[in-house]
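Data block below; observations after.
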2 protein chains.
Amino acid sequence: MSEMDMLFKRHNLRKTKLRKAVFDILKEANMGLSHQEISKQVHFDFDRVSLFRTLSQFEKVGIIHKILDLQGVANYALTFPISDNNKCLTHFICEKCSGILCVDEEFIKIQDFQLKYKELAIKDVEITLKGICKKCKNKE
Amino acid sequence: MSEMDMLFKRHNLRKTKLRKAVFDILKEANMGLSHQEISKQVHFDFDRVSLFRTLSQFEKVGIIHKILDLQGVANYALTFPISDNNKCLTHFICEKCSGILCVDEEFIKIQDFQLKYKELAIKDVEITLKGICKKCKNKE
DNA sequence: ATTCTAAGTGCAACTTGGTTGCATGAATAT
DNA sequence: ATATTCATGCAACCAAGTTGCACTTAGAAT
C-alpha cells in the first residue's frame, strides 16, 4: 500500500484521477505550488473548481498546508508525514523565481514571544525568509 | 508644519482630500487596515481605484507598509517615522477580530538564518504571530 | 491673482483568485 | 451488482486589484 493510499484511506478520501495527480505533483515538486502552477502540470481536462476543492480538502485533513506568496496567493506544499500536526511554519520565498521552500527551523521559541507580549495570547509563530534561492543565485 | 505636511513634502506628494483622510485614518487606527476598512472610514465620495493608488503611492515612498492578512488581503500600517527604512517586520494577527498590530521585536537575528542556510541568500526575515488580542481575550 | 502643467482622480472595463449551488457521474462498502 | 455517498463539471458569482484614458486640481511660475 503506497503512502498516498494510506493517507487517502486514513482521511476517507476517494482515490480519484485529479487527487492522485495533485498528490504526485506536490510530492515530485517538493515545494509550494499555487493553483495555477498545479493546473499547468495536470495533463488531462479538469475543472478549476475541482482543483480548488481538492486543495481545500487536502489542507483540511492536513496532507498539505497553505503558504501565502508575496502577492497573497495561496500555495500548497505537502506536510511531512512524520507526525500529524507538524505543519511547517517556516518558509523561504525566492524573490526572483517566487519558489517557496519549507524549511525546518529551531531557533524560534514561541515562549520567548509569549513572555514578552503577555497581553497577547500567542498561539503560532510563522516565519518567512525572503531572498534568492540557490538556483537563481547560480544563474546570475 | 504637521508631520503629514512634512512627509508629503519630502516625498513630493500633493496634499489632496483623499490622501489627508487616509493618513489620518491610519494614524488614528494605529494598526493595519485593509482597503475595505479604510473605505468605510472615509466619509466622502471617492473612487476605490484612487484609494488603491493612494495606498500604493504611500507604500512606494515608505509612509506605510503592507501586511498580508491570513486571507492574503493587503493591509497597511503607518511606518514609524523614526528612520527611513525601519519598516516593521513583525506583526501580530488576531484570529478573532483579524486586527493587525505592528510589533517591535529583537529576538530574531537574520544572521542565525543566514549561517544555517548558506545556499540561500536570505535578505529579510518576516515574522507573523497569530493568536488572540487583548480586546478579544477580555470579551470572552 | 491668473495661468500652466504635472500629478491625482473618476470611470469603465478587465483580470485573477476564490466560492457557491446544483445536477451529473464515479468510487467503494455492502 | 447495486446503492449511496462523495467528487466532479458547469454556470454564475464575488472581492481584490490593475490598466487606460479623459477630466480635474494642487501648487509652482508668472
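By convention in this document, the chains of the C-alpha cells carry letters A, B, ... by their order, each chain's residues are numbered from 1, and ligands are numbered from 1 in the order they are shown.
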Once chain B is fitted onto chain A by least squares over all its in-order Cα atoms, send the moved chain as a CSV table (one decimal) with N, CA and C atoms, in the first residue's frame.
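Result went into superposed30.csv, see below:
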```csv
chain,number,residue,atom,x,y,z
B,1,MET,N,0.8,-1.2,0.0
B,1,MET,CA,0.0,0.0,0.0
B,1,MET,C,0.9,1.3,0.0
B,2,SER,N,0.7,2.1,-1.0
B,2,SER,CA,1.5,3.3,-1.1
B,2,SER,C,1.2,4.3,-0.1
B,3,GLU,N,2.1,5.3,0.1
B,3,GLU,CA,1.9,6.4,1.0
B,3,GLU,C,0.6,7.1,0.7
B,4,MET,N,0.4,7.3,-0.6
B,4,MET,CA,-0.8,8.0,-1.0
B,4,MET,C,-2.0,7.2,-0.6
B,5,ASP,N,-2.0,5.9,-0.9
B,5,ASP,CA,-3.2,5.1,-0.5
B,5,ASP,C,-3.5,5.2,1.0
B,6,MET,N,-2.4,5.1,1.7
B,6,MET,CA,-2.6,5.2,3.2
B,6,MET,C,-3.2,6.5,3.6
B,7,LEU,N,-2.6,7.6,3.1
B,7,LEU,CA,-3.1,8.9,3.5
B,7,LEU,C,-4.6,9.1,3.1
B,8,PHE,N,-4.9,8.7,1.9
B,8,PHE,CA,-6.3,8.8,1.4
B,8,PHE,C,-7.2,8.0,2.3
B,9,LYS,N,-6.8,6.8,2.5
B,9,LYS,CA,-7.6,5.9,3.3
B,9,LYS,C,-7.8,6.5,4.7
B,10,ARG,N,-6.8,6.8,5.4
B,10,ARG,CA,-6.8,7.4,6.7
B,10,ARG,C,-7.8,8.6,6.8
B,11,HIS,N,-7.9,9.4,5.7
B,11,HIS,CA,-8.7,10.5,5.8
B,11,HIS,C,-10.0,10.4,5.0
B,12,ASN,N,-10.3,9.1,4.7
B,12,ASN,CA,-11.6,8.9,3.9
B,12,ASN,C,-11.7,9.7,2.7
B,13,LEU,N,-10.7,9.7,1.9
B,13,LEU,CA,-10.7,10.5,0.6
B,13,LEU,C,-10.7,9.4,-0.5
B,14,ARG,N,-11.7,9.6,-1.4
B,14,ARG,CA,-11.7,8.7,-2.5
B,14,ARG,C,-10.5,9.0,-3.4
B,15,LYS,N,-10.0,7.9,-4.0
B,15,LYS,CA,-8.9,8.0,-4.9
B,15,LYS,C,-9.4,8.3,-6.3
B,16,THR,N,-9.3,9.6,-6.7
B,16,THR,CA,-9.8,10.0,-8.0
B,16,THR,C,-8.6,10.4,-8.8
B,17,LYS,N,-8.8,10.5,-10.1
B,17,LYS,CA,-7.8,10.9,-11.1
B,17,LYS,C,-7.1,12.2,-10.6
B,18,LEU,N,-7.9,13.2,-10.4
B,18,LEU,CA,-7.4,14.5,-10.1
B,18,LEU,C,-6.6,14.5,-8.8
B,19,ARG,N,-7.2,13.9,-7.8
B,19,ARG,CA,-6.5,13.8,-6.5
B,19,ARG,C,-5.1,13.1,-6.6
B,20,LYS,N,-5.1,12.0,-7.3
B,20,LYS,CA,-3.8,11.3,-7.5
B,20,LYS,C,-2.8,12.2,-8.2
B,21,ALA,N,-3.3,12.9,-9.2
B,21,ALA,CA,-2.4,13.8,-10.0
B,21,ALA,C,-1.8,14.9,-9.1
B,22,VAL,N,-2.7,15.5,-8.3
B,22,VAL,CA,-2.3,16.6,-7.4
B,22,VAL,C,-1.3,16.1,-6.4
B,23,PHE,N,-1.6,15.0,-5.8
B,23,PHE,CA,-0.6,14.4,-4.8
B,23,PHE,C,0.7,14.2,-5.4
B,24,ASP,N,0.7,13.5,-6.6
B,24,ASP,CA,2.0,13.2,-7.2
B,24,ASP,C,2.8,14.5,-7.6
B,25,ILE,N,2.1,15.5,-8.1
B,25,ILE,CA,2.7,16.7,-8.5
B,25,ILE,C,3.4,17.4,-7.3
B,26,LEU,N,2.7,17.4,-6.2
B,26,LEU,CA,3.2,18.1,-5.0
B,26,LEU,C,4.4,17.3,-4.4
B,27,LYS,N,4.3,16.0,-4.5
B,27,LYS,CA,5.3,15.1,-4.0
B,27,LYS,C,6.6,15.3,-4.8
B,28,GLU,N,6.4,15.3,-6.1
B,28,GLU,CA,7.5,15.5,-7.0
B,28,GLU,C,8.2,16.9,-6.9
B,29,ALA,N,7.3,17.9,-6.8
B,29,ALA,CA,7.8,19.3,-6.7
B,29,ALA,C,8.7,19.5,-5.4
B,30,ASN,N,8.2,19.0,-4.3
B,30,ASN,CA,8.8,19.1,-3.1
B,30,ASN,C,9.0,20.6,-2.7
B,31,MET,N,8.0,21.4,-3.1
B,31,MET,CA,8.0,22.8,-2.7
B,31,MET,C,6.5,23.3,-2.8
B,32,GLY,N,6.3,24.5,-2.5
B,32,GLY,CA,5.0,25.1,-2.5
B,32,GLY,C,4.5,25.4,-3.9
B,33,LEU,N,3.3,25.0,-4.3
B,33,LEU,CA,2.8,25.3,-5.7
B,33,LEU,C,1.5,26.0,-5.6
B,34,SER,N,1.2,26.9,-6.5
B,34,SER,CA,-0.1,27.6,-6.5
B,34,SER,C,-1.1,26.8,-7.3
B,35,HIS,N,-2.3,27.1,-7.2
B,35,HIS,CA,-3.4,26.5,-8.0
B,35,HIS,C,-3.0,26.6,-9.5
B,36,GLN,N,-2.5,27.7,-9.9
B,36,GLN,CA,-2.2,27.9,-11.3
B,36,GLN,C,-1.0,27.0,-11.7
B,37,GLU,N,0.0,26.9,-10.9
B,37,GLU,CA,1.1,26.1,-11.2
B,37,GLU,C,0.8,24.6,-11.3
B,38,ILE,N,-0.1,24.2,-10.3
B,38,ILE,CA,-0.5,22.8,-10.3
B,38,ILE,C,-1.3,22.5,-11.6
B,39,SER,N,-2.2,23.5,-11.9
B,39,SER,CA,-3.1,23.3,-13.1
B,39,SER,C,-2.2,23.0,-14.3
B,40,LYS,N,-1.1,23.7,-14.5
B,40,LYS,CA,-0.3,23.5,-15.7
B,40,LYS,C,0.3,22.1,-15.7
B,41,GLN,N,0.5,21.5,-14.6
B,41,GLN,CA,1.1,20.2,-14.5
B,41,GLN,C,0.2,19.1,-14.6
B,42,VAL,N,-1.1,19.4,-14.6
B,42,VAL,CA,-2.1,18.3,-14.7
B,42,VAL,C,-2.4,18.1,-16.2
B,43,HIS,N,-2.1,16.9,-16.7
B,43,HIS,CA,-2.2,16.7,-18.2
B,43,HIS,C,-3.4,16.0,-18.7
B,44,PHE,N,-4.5,16.4,-18.1
B,44,PHE,CA,-5.8,16.0,-18.6
B,44,PHE,C,-6.8,17.0,-18.3
B,45,ASP,N,-8.0,17.0,-18.9
B,45,ASP,CA,-9.0,18.0,-18.6
B,45,ASP,C,-9.6,17.9,-17.2
B,46,PHE,N,-9.8,19.0,-16.6
B,46,PHE,CA,-10.4,19.0,-15.3
B,46,PHE,C,-11.0,20.4,-15.0
B,47,ASP,N,-11.8,20.5,-14.1
B,47,ASP,CA,-12.4,21.8,-13.8
B,47,ASP,C,-11.6,22.5,-12.7
B,48,ARG,N,-11.4,23.8,-12.9
B,48,ARG,CA,-10.6,24.5,-11.9
B,48,ARG,C,-11.2,24.5,-10.5
B,49,VAL,N,-12.5,24.5,-10.5
B,49,VAL,CA,-13.2,24.4,-9.2
B,49,VAL,C,-12.8,23.1,-8.4
B,50,SER,N,-12.8,22.0,-9.2
B,50,SER,CA,-12.4,20.8,-8.6
B,50,SER,C,-11.0,20.8,-7.9
B,51,LEU,N,-10.1,21.5,-8.6
B,51,LEU,CA,-8.8,21.6,-8.1
B,51,LEU,C,-8.8,22.5,-6.8
B,52,PHE,N,-9.6,23.6,-6.8
B,52,PHE,CA,-9.7,24.4,-5.6
B,52,PHE,C,-10.2,23.5,-4.5
B,53,ARG,N,-11.2,22.7,-4.8
B,53,ARG,CA,-11.8,21.8,-3.8
B,53,ARG,C,-10.9,20.7,-3.3
B,54,THR,N,-10.1,20.2,-4.2
B,54,THR,CA,-9.1,19.1,-3.8
B,54,THR,C,-8.1,19.7,-2.9
B,55,LEU,N,-7.7,20.9,-3.2
B,55,LEU,CA,-6.7,21.6,-2.4
B,55,LEU,C,-7.2,21.9,-1.0
B,56,SER,N,-8.4,22.4,-0.9
B,56,SER,CA,-9.0,22.7,0.4
B,56,SER,C,-9.2,21.4,1.2
B,57,GLN,N,-9.6,20.4,0.5
B,57,GLN,CA,-9.8,19.1,1.2
B,57,GLN,C,-8.5,18.6,1.7
B,58,PHE,N,-7.5,18.5,0.9
B,58,PHE,CA,-6.2,18.1,1.4
B,58,PHE,C,-5.7,18.9,2.5
B,59,GLU,N,-5.9,20.2,2.5
B,59,GLU,CA,-5.5,21.1,3.5
B,59,GLU,C,-6.2,20.8,4.8
B,60,LYS,N,-7.5,20.6,4.7
B,60,LYS,CA,-8.4,20.4,5.8
B,60,LYS,C,-7.9,19.1,6.6
B,61,VAL,N,-7.6,18.1,5.9
B,61,VAL,CA,-7.2,16.9,6.6
B,61,VAL,C,-5.7,16.9,6.9
B,62,GLY,N,-5.0,17.9,6.5
B,62,GLY,CA,-3.6,18.0,6.9
B,62,GLY,C,-2.6,17.4,5.9
B,63,ILE,N,-3.0,16.9,4.8
B,63,ILE,CA,-2.0,16.3,3.9
B,63,ILE,C,-1.1,17.4,3.3
B,64,ILE,N,-1.7,18.6,3.1
B,64,ILE,CA,-0.9,19.7,2.6
B,64,ILE,C,-1.1,20.9,3.5
B,65,HIS,N,-0.3,21.9,3.4
B,65,HIS,CA,-0.6,23.1,4.2
B,65,HIS,C,-0.4,24.3,3.2
B,66,LYS,N,-1.1,25.4,3.6
B,66,LYS,CA,-1.1,26.6,2.8
B,66,LYS,C,0.0,27.6,3.1
B,67,ILE,N,0.6,28.1,2.1
B,67,ILE,CA,1.5,29.2,2.4
B,67,ILE,C,1.1,30.3,1.4
B,68,LEU,N,1.0,31.5,1.9
B,68,LEU,CA,0.7,32.6,1.0
B,68,LEU,C,2.0,33.2,0.4
B,69,ASP,N,2.0,33.4,-0.9
B,69,ASP,CA,3.2,34.0,-1.5
B,69,ASP,C,3.2,35.5,-1.3
B,70,LEU,N,4.2,36.2,-1.9
B,70,LEU,CA,4.4,37.6,-1.6
B,70,LEU,C,3.2,38.4,-2.1
B,71,GLN,N,2.5,37.9,-3.0
B,71,GLN,CA,1.3,38.6,-3.6
B,71,GLN,C,0.0,38.1,-2.8
B,72,GLY,N,0.1,37.3,-1.9
B,72,GLY,CA,-1.1,36.8,-1.1
B,72,GLY,C,-1.8,35.7,-1.8
B,73,VAL,N,-1.2,35.0,-2.8
B,73,VAL,CA,-1.8,33.9,-3.4
B,73,VAL,C,-1.5,32.6,-2.7
B,74,ALA,N,-2.5,31.8,-2.5
B,74,ALA,CA,-2.3,30.5,-1.8
B,74,ALA,C,-1.3,29.6,-2.6
B,75,ASN,N,-0.4,29.1,-1.9
B,75,ASN,CA,0.5,28.0,-2.4
B,75,ASN,C,0.3,26.8,-1.4
B,76,TYR,N,0.6,25.6,-1.9
B,76,TYR,CA,0.4,24.4,-1.1
B,76,TYR,C,1.6,23.5,-1.2
B,77,ALA,N,2.0,23.0,0.0
B,77,ALA,CA,3.1,22.0,0.0
B,77,ALA,C,2.7,20.9,0.8
B,78,LEU,N,3.2,19.7,0.5
B,78,LEU,CA,2.9,18.5,1.3
B,78,LEU,C,3.4,18.7,2.7
B,79,THR,N,2.7,18.2,3.6
B,79,THR,CA,3.1,18.2,5.0
B,79,THR,C,3.9,17.0,5.2
B,80,PHE,N,5.0,17.1,5.8
B,80,PHE,CA,5.8,15.9,6.1
B,80,PHE,C,5.0,14.9,6.9
B,81,PRO,N,5.0,13.7,6.5
B,81,PRO,CA,4.1,12.7,7.2
B,81,PRO,C,4.7,12.2,8.5
B,82,ILE,N,5.6,12.9,9.1
B,82,ILE,CA,6.3,12.4,10.3
B,82,ILE,C,5.2,12.3,11.4
B,83,SER,N,4.7,13.5,11.7
B,83,SER,CA,3.6,13.5,12.7
B,83,SER,C,2.4,14.1,12.2
B,84,ASP,N,1.3,14.2,13.0
B,84,ASP,CA,0.1,14.6,12.4
B,84,ASP,C,-0.1,16.1,12.3
B,85,ASN,N,0.6,16.8,13.2
B,85,ASN,CA,0.4,18.3,13.2
B,85,ASN,C,1.7,19.0,13.1
B,86,ASN,N,2.6,18.5,12.3
B,86,ASN,CA,3.8,19.2,12.2
B,86,ASN,C,3.8,20.1,11.0
B,87,LYS,N,2.8,20.8,10.8
B,87,LYS,CA,2.8,21.7,9.6
B,87,LYS,C,4.0,22.6,9.7
B,88,CYS,N,4.6,22.8,8.6
B,88,CYS,CA,5.8,23.6,8.5
B,88,CYS,C,5.5,25.1,8.7
B,89,LEU,N,6.1,25.7,9.7
B,89,LEU,CA,5.8,27.1,10.0
B,89,LEU,C,6.9,28.1,9.5
B,90,THR,N,7.9,27.6,8.9
B,90,THR,CA,9.0,28.4,8.4
B,90,THR,C,9.1,28.2,6.9
B,91,HIS,N,9.1,29.2,6.1
B,91,HIS,CA,9.2,29.1,4.7
B,91,HIS,C,10.2,30.1,4.1
B,92,PHE,N,10.8,29.7,3.0
B,92,PHE,CA,11.7,30.6,2.3
B,92,PHE,C,11.0,30.9,1.0
B,93,ILE,N,11.0,32.2,0.6
B,93,ILE,CA,10.4,32.6,-0.6
B,93,ILE,C,11.4,33.3,-1.5
B,94,CYS,N,11.7,32.8,-2.7
B,94,CYS,CA,12.7,33.4,-3.5
B,94,CYS,C,12.1,34.6,-4.3
B,95,GLU,N,12.7,35.7,-4.2
B,95,GLU,CA,12.2,36.9,-4.8
B,95,GLU,C,12.4,36.9,-6.3
B,96,LYS,N,13.2,36.1,-6.8
B,96,LYS,CA,13.4,36.0,-8.3
B,96,LYS,C,12.3,35.1,-8.9
B,97,CYS,N,12.4,33.8,-8.5
B,97,CYS,CA,11.6,32.8,-9.2
B,97,CYS,C,10.3,32.5,-8.4
B,98,SER,N,10.1,33.2,-7.2
B,98,SER,CA,8.9,33.0,-6.4
B,98,SER,C,8.7,31.6,-5.8
B,99,GLY,N,9.8,30.8,-6.0
B,99,GLY,CA,9.7,29.5,-5.4
B,99,GLY,C,9.6,29.5,-3.9
B,100,ILE,N,8.8,28.5,-3.4
B,100,ILE,CA,8.6,28.5,-1.9
B,100,ILE,C,9.1,27.2,-1.3
B,101,LEU,N,10.0,27.3,-0.4
B,101,LEU,CA,10.5,26.1,0.2
B,101,LEU,C,10.1,26.0,1.7
B,102,CYS,N,9.8,24.8,2.1
B,102,CYS,CA,9.6,24.6,3.5
B,102,CYS,C,11.0,24.4,4.2
B,103,VAL,N,11.1,24.9,5.3
B,103,VAL,CA,12.4,25.0,6.0
B,103,VAL,C,12.1,24.5,7.4
B,104,ASP,N,13.0,23.6,7.9
B,104,ASP,CA,12.7,23.3,9.3
B,104,ASP,C,13.7,24.0,10.2
B,105,GLU,N,13.3,24.5,11.3
B,105,GLU,CA,14.0,25.6,11.9
B,105,GLU,C,13.8,25.4,13.4
B,106,GLU,N,14.8,25.8,14.1
B,106,GLU,CA,14.7,25.5,15.6
B,106,GLU,C,15.1,26.7,16.5
B,107,PHE,N,15.4,27.9,15.9
B,107,PHE,CA,15.9,29.0,16.7
B,107,PHE,C,14.7,29.6,17.5
B,108,ILE,N,13.6,29.6,16.8
B,108,ILE,CA,12.5,30.4,17.3
B,108,ILE,C,11.7,29.7,18.4
B,109,LYS,N,11.6,30.3,19.5
B,109,LYS,CA,10.8,29.7,20.6
B,109,LYS,C,9.6,30.5,20.9
B,110,ILE,N,8.5,29.9,20.7
B,110,ILE,CA,7.2,30.7,20.9
B,110,ILE,C,7.1,31.3,22.3
B,111,GLN,N,7.8,30.6,23.2
B,111,GLN,CA,7.7,31.1,24.6
B,111,GLN,C,8.4,32.5,24.7
B,112,ASP,N,9.4,32.7,24.0
B,112,ASP,CA,10.1,34.0,24.0
B,112,ASP,C,9.0,35.1,23.8
B,113,PHE,N,8.2,34.9,22.7
B,113,PHE,CA,7.2,35.9,22.4
B,113,PHE,C,6.1,36.0,23.4
B,114,GLN,N,5.7,34.8,23.9
B,114,GLN,CA,4.6,34.8,24.9
B,114,GLN,C,5.0,35.5,26.1
B,115,LEU,N,6.3,35.4,26.5
B,115,LEU,CA,6.7,36.1,27.7
B,115,LEU,C,6.8,37.6,27.5
B,116,LYS,N,7.2,38.0,26.3
B,116,LYS,CA,7.4,39.4,26.1
B,116,LYS,C,6.1,40.1,25.9
B,117,TYR,N,5.1,39.5,25.2
B,117,TYR,CA,3.8,40.1,24.9
B,117,TYR,C,2.7,39.4,25.7
B,118,LYS,N,2.7,39.7,27.0
B,118,LYS,CA,1.8,39.0,27.9
B,118,LYS,C,0.4,39.3,27.6
B,119,GLU,N,0.1,40.4,27.1
B,119,GLU,CA,-1.3,40.8,26.8
B,119,GLU,C,-1.9,40.0,25.6
B,120,LEU,N,-1.0,39.5,24.8
B,120,LEU,CA,-1.4,38.8,23.6
B,120,LEU,C,-1.4,37.3,23.8
B,121,ALA,N,-2.4,36.6,23.5
B,121,ALA,CA,-2.4,35.1,23.6
B,121,ALA,C,-1.8,34.6,22.3
B,122,ILE,N,-0.5,34.4,22.3
B,122,ILE,CA,0.1,34.0,21.1
B,122,ILE,C,0.1,32.5,20.9
B,123,LYS,N,-0.4,32.0,19.8
B,123,LYS,CA,-0.6,30.6,19.6
B,123,LYS,C,0.4,30.0,18.6
B,124,ASP,N,0.8,30.9,17.7
B,124,ASP,CA,1.6,30.4,16.5
B,124,ASP,C,2.6,31.5,16.2
B,125,VAL,N,3.8,31.0,15.7
B,125,VAL,CA,4.8,32.0,15.2
B,125,VAL,C,5.1,31.5,13.8
B,126,GLU,N,4.9,32.3,12.8
B,126,GLU,CA,5.2,31.9,11.4
B,126,GLU,C,6.3,32.8,10.9
B,127,ILE,N,7.2,32.1,10.3
B,127,ILE,CA,8.4,32.9,9.8
B,127,ILE,C,8.5,32.7,8.3
B,128,THR,N,8.8,33.9,7.7
B,128,THR,CA,9.0,33.9,6.2
B,128,THR,C,10.4,34.5,6.0
B,129,LEU,N,11.2,33.7,5.3
B,129,LEU,CA,12.5,34.2,4.9
B,129,LEU,C,12.4,34.6,3.5
B,130,LYS,N,13.0,35.7,3.2
B,130,LYS,CA,12.9,36.2,1.8
B,130,LYS,C,14.3,36.4,1.3
B,131,GLY,N,14.5,36.1,0.0
B,131,GLY,CA,15.9,36.2,-0.5
B,131,GLY,C,15.9,35.6,-1.9
B,132,ILE,N,17.1,35.1,-2.2
B,132,ILE,CA,17.4,34.5,-3.5
B,132,ILE,C,17.8,33.0,-3.3
B,133,CYS,N,17.1,32.1,-4.0
B,133,CYS,CA,17.4,30.7,-3.8
B,133,CYS,C,18.7,30.3,-4.6
B,134,LYS,N,19.1,29.1,-4.2
B,134,LYS,CA,20.3,28.6,-4.8
B,134,LYS,C,20.3,28.6,-6.3
B,135,LYS,N,19.3,28.1,-6.9
B,135,LYS,CA,19.2,28.1,-8.4
B,135,LYS,C,19.4,29.5,-9.0
B,136,CYS,N,18.6,30.4,-8.5
B,136,CYS,CA,18.6,31.8,-9.1
B,136,CYS,C,20.0,32.4,-8.8
B,137,LYS,N,20.6,32.1,-7.7
B,137,LYS,CA,21.8,32.7,-7.3
B,137,LYS,C,22.9,32.3,-8.4
B,138,ASN,N,22.8,31.0,-8.7
B,138,ASN,CA,23.8,30.4,-9.6
B,138,ASN,C,23.6,30.9,-11.0
B,139,LYS,N,22.4,31.3,-11.4
B,139,LYS,CA,22.1,31.8,-12.7
B,139,LYS,C,22.7,33.1,-13.0
B,140,GLU,N,23.0,33.9,-12.0
B,140,GLU,CA,23.4,35.3,-12.2
B,140,GLU,C,24.7,35.4,-12.9
```
task = Assign secondary structure with DSSP using the backbone only, and return the residues of stretch 72-129 of chain B in strand (DSSP E or B) as an MDAnalysis selection string.
result = chainID B and resid 74:78 90:94 100:103 121:129
Prev. selection, N, CA and C atoms, output as a PDB file, in the first residue's frame:
```pdb
ATOM      1  N   ALA B  74      -4.251  42.600   1.338  1.00  0.00           N
ATOM      2  CA  ALA B  74      -3.298  43.624   1.759  1.00  0.00           C
ATOM      3  C   ALA B  74      -3.877  44.505   2.855  1.00  0.00           C
ATOM      4  N   ASN B  75      -3.113  44.678   3.895  1.00  0.00           N
ATOM      5  CA  ASN B  75      -3.429  45.647   4.937  1.00  0.00           C
ATOM      6  C   ASN B  75      -2.252  46.609   4.993  1.00  0.00           C
ATOM      7  N   TYR B  76      -2.522  47.820   5.464  1.00  0.00           N
ATOM      8  CA  TYR B  76      -1.464  48.816   5.508  1.00  0.00           C
ATOM      9  C   TYR B  76      -1.402  49.474   6.864  1.00  0.00           C
ATOM     10  N   ALA B  77      -0.188  49.710   7.317  1.00  0.00           N
ATOM     11  CA  ALA B  77       0.001  50.408   8.585  1.00  0.00           C
ATOM     12  C   ALA B  77       1.068  51.470   8.393  1.00  0.00           C
ATOM     13  N   LEU B  78       0.929  52.559   9.121  1.00  0.00           N
ATOM     14  CA  LEU B  78       1.940  53.605   9.081  1.00  0.00           C
ATOM     15  C   LEU B  78       3.288  53.038   9.499  1.00  0.00           C
ATOM     16  N   THR B  90       7.665  42.485  12.065  1.00  0.00           N
ATOM     17  CA  THR B  90       6.953  41.531  12.907  1.00  0.00           C
ATOM     18  C   THR B  90       5.543  42.044  13.159  1.00  0.00           C
ATOM     19  N   HIS B  91       4.577  41.163  12.952  1.00  0.00           N
ATOM     20  CA  HIS B  91       3.181  41.546  13.129  1.00  0.00           C
ATOM     21  C   HIS B  91       2.429  40.491  13.903  1.00  0.00           C
ATOM     22  N   PHE B  92       1.454  40.991  14.628  1.00  0.00           N
ATOM     23  CA  PHE B  92       0.555  40.088  15.334  1.00  0.00           C
ATOM     24  C   PHE B  92      -0.797  40.157  14.647  1.00  0.00           C
ATOM     25  N   ILE B  93      -1.368  39.016  14.350  1.00  0.00           N
ATOM     26  CA  ILE B  93      -2.698  38.986  13.747  1.00  0.00           C
ATOM     27  C   ILE B  93      -3.647  38.253  14.672  1.00  0.00           C
ATOM     28  N   CYS B  94      -4.741  38.923  15.006  1.00  0.00           N
ATOM     29  CA  CYS B  94      -5.725  38.313  15.886  1.00  0.00           C
ATOM     30  C   CYS B  94      -6.659  37.405  15.081  1.00  0.00           C
ATOM     31  N   ILE B 100      -4.572  43.674  13.038  1.00  0.00           N
ATOM     32  CA  ILE B 100      -3.146  43.500  12.765  1.00  0.00           C
ATOM     33  C   ILE B 100      -2.340  44.562  13.501  1.00  0.00           C
ATOM     34  N   LEU B 101      -1.443  44.121  14.340  1.00  0.00           N
ATOM     35  CA  LEU B 101      -0.609  45.045  15.104  1.00  0.00           C
ATOM     36  C   LEU B 101       0.846  44.941  14.683  1.00  0.00           C
ATOM     37  N   CYS B 102       1.510  46.081  14.597  1.00  0.00           N
ATOM     38  CA  CYS B 102       2.949  46.066  14.398  1.00  0.00           C
ATOM     39  C   CYS B 102       3.588  45.867  15.757  1.00  0.00           C
ATOM     40  N   VAL B 103       4.627  45.074  15.746  1.00  0.00           N
ATOM     41  CA  VAL B 103       5.258  44.682  16.996  1.00  0.00           C
ATOM     42  C   VAL B 103       6.746  44.913  16.806  1.00  0.00           C
ATOM     43  N   ALA B 121      20.377  33.020  -0.201  1.00  0.00           N
ATOM     44  CA  ALA B 121      20.788  34.393   0.099  1.00  0.00           C
ATOM     45  C   ALA B 121      19.629  35.085   0.805  1.00  0.00           C
ATOM     46  N   ILE B 122      19.594  34.969   2.111  1.00  0.00           N
ATOM     47  CA  ILE B 122      18.467  35.499   2.880  1.00  0.00           C
ATOM     48  C   ILE B 122      18.649  36.988   3.130  1.00  0.00           C
ATOM     49  N   LYS B 123      17.632  37.757   2.766  1.00  0.00           N
ATOM     50  CA  LYS B 123      17.713  39.209   2.896  1.00  0.00           C
ATOM     51  C   LYS B 123      16.782  39.764   3.963  1.00  0.00           C
ATOM     52  N   ASP B 124      15.733  39.018   4.236  1.00  0.00           N
ATOM     53  CA  ASP B 124      14.682  39.505   5.128  1.00  0.00           C
ATOM     54  C   ASP B 124      14.097  38.361   5.932  1.00  0.00           C
ATOM     55  N   VAL B 125      13.748  38.647   7.150  1.00  0.00           N
ATOM     56  CA  VAL B 125      13.018  37.674   7.948  1.00  0.00           C
ATOM     57  C   VAL B 125      11.737  38.344   8.400  1.00  0.00           C
ATOM     58  N   GLU B 126      10.629  37.768   8.043  1.00  0.00           N
ATOM     59  CA  GLU B 126       9.346  38.324   8.458  1.00  0.00           C
ATOM     60  C   GLU B 126       8.667  37.387   9.420  1.00  0.00           C
ATOM     61  N   ILE B 127       8.127  37.966  10.466  1.00  0.00           N
ATOM     62  CA  ILE B 127       7.511  37.129  11.482  1.00  0.00           C
ATOM     63  C   ILE B 127       6.060  37.494  11.672  1.00  0.00           C
ATOM     64  N   THR B 128       5.238  36.491  11.701  1.00  0.00           N
ATOM     65  CA  THR B 128       3.824  36.705  11.964  1.00  0.00           C
ATOM     66  C   THR B 128       3.430  35.912  13.188  1.00  0.00           C
ATOM     67  N   LEU B 129       2.966  36.644  14.180  1.00  0.00           N
ATOM     68  CA  LEU B 129       2.459  35.994  15.379  1.00  0.00           C
ATOM     69  C   LEU B 129       0.949  35.888  15.228  1.00  0.00           C
TER      70      LEU B 129
END
```
task = Quick one: pick out all alpha helix (DSSP H) residues within stretch 4-135 of chain B from a backbone DSSP run and write them as a ChimeraX atom specification.
result = /B:4-10,17-29,35-41,48-61,110-116,134-135
request  = Restrict the distance test to only C-alpha atoms (C1' of nucleotides), flag each residue of chain C within 9 Å of chain B, and return the flagged residues as a list of chain:residue names.
outcome  = C:DA7, C:DG8, C:DT9, C:DG10, C:DC11
Output for the residues just chosen: C-alpha atoms (C1' of nucleotides) as a tab-separated table (two decimals), in the first residue's frame:
```tsv
chain	number	residue	atom	x	y	z
C	7	DA	C1'	0.13	64.91	-10.65
C	8	DG	C1'	-4.13	62.99	-8.96
C	9	DT	C1'	-8.91	61.50	-9.60
C	10	DG	C1'	-13.08	59.20	-11.64
C	11	DC	C1'	-14.97	55.97	-14.63
```
request  = Select residues of chain D: the criterion is any atom within 10 Å of an atom of chain A, counting only C-alpha atoms (C1' of nucleotides); output as a list in words.
outcome  =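 Taken together, these residues fit the definition: DC6, DA7, DT8, DG9 and DC10 of chain D.
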Store the residues picked out above in a file with C-alpha atoms (C1' of nucleotides), as a short mmCIF file (atom, residue, chain, number, x, y, z; two decimals), in the first residue's frame.
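Result file part-v2.cif:
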```
data_model
loop_
_atom_site.label_atom_id
_atom_site.label_comp_id
_atom_site.auth_asym_id
_atom_site.auth_seq_id
_atom_site.Cartn_x
_atom_site.Cartn_y
_atom_site.Cartn_z
"C1'" DC D 6 -18.74 11.58 -2.22
"C1'" DA D 7 -16.42 14.07 -6.14
"C1'" DT D 8 -16.72 16.46 -10.39
"C1'" DG D 9 -18.34 19.85 -14.00
"C1'" DC D 10 -20.71 23.81 -15.09
#
```
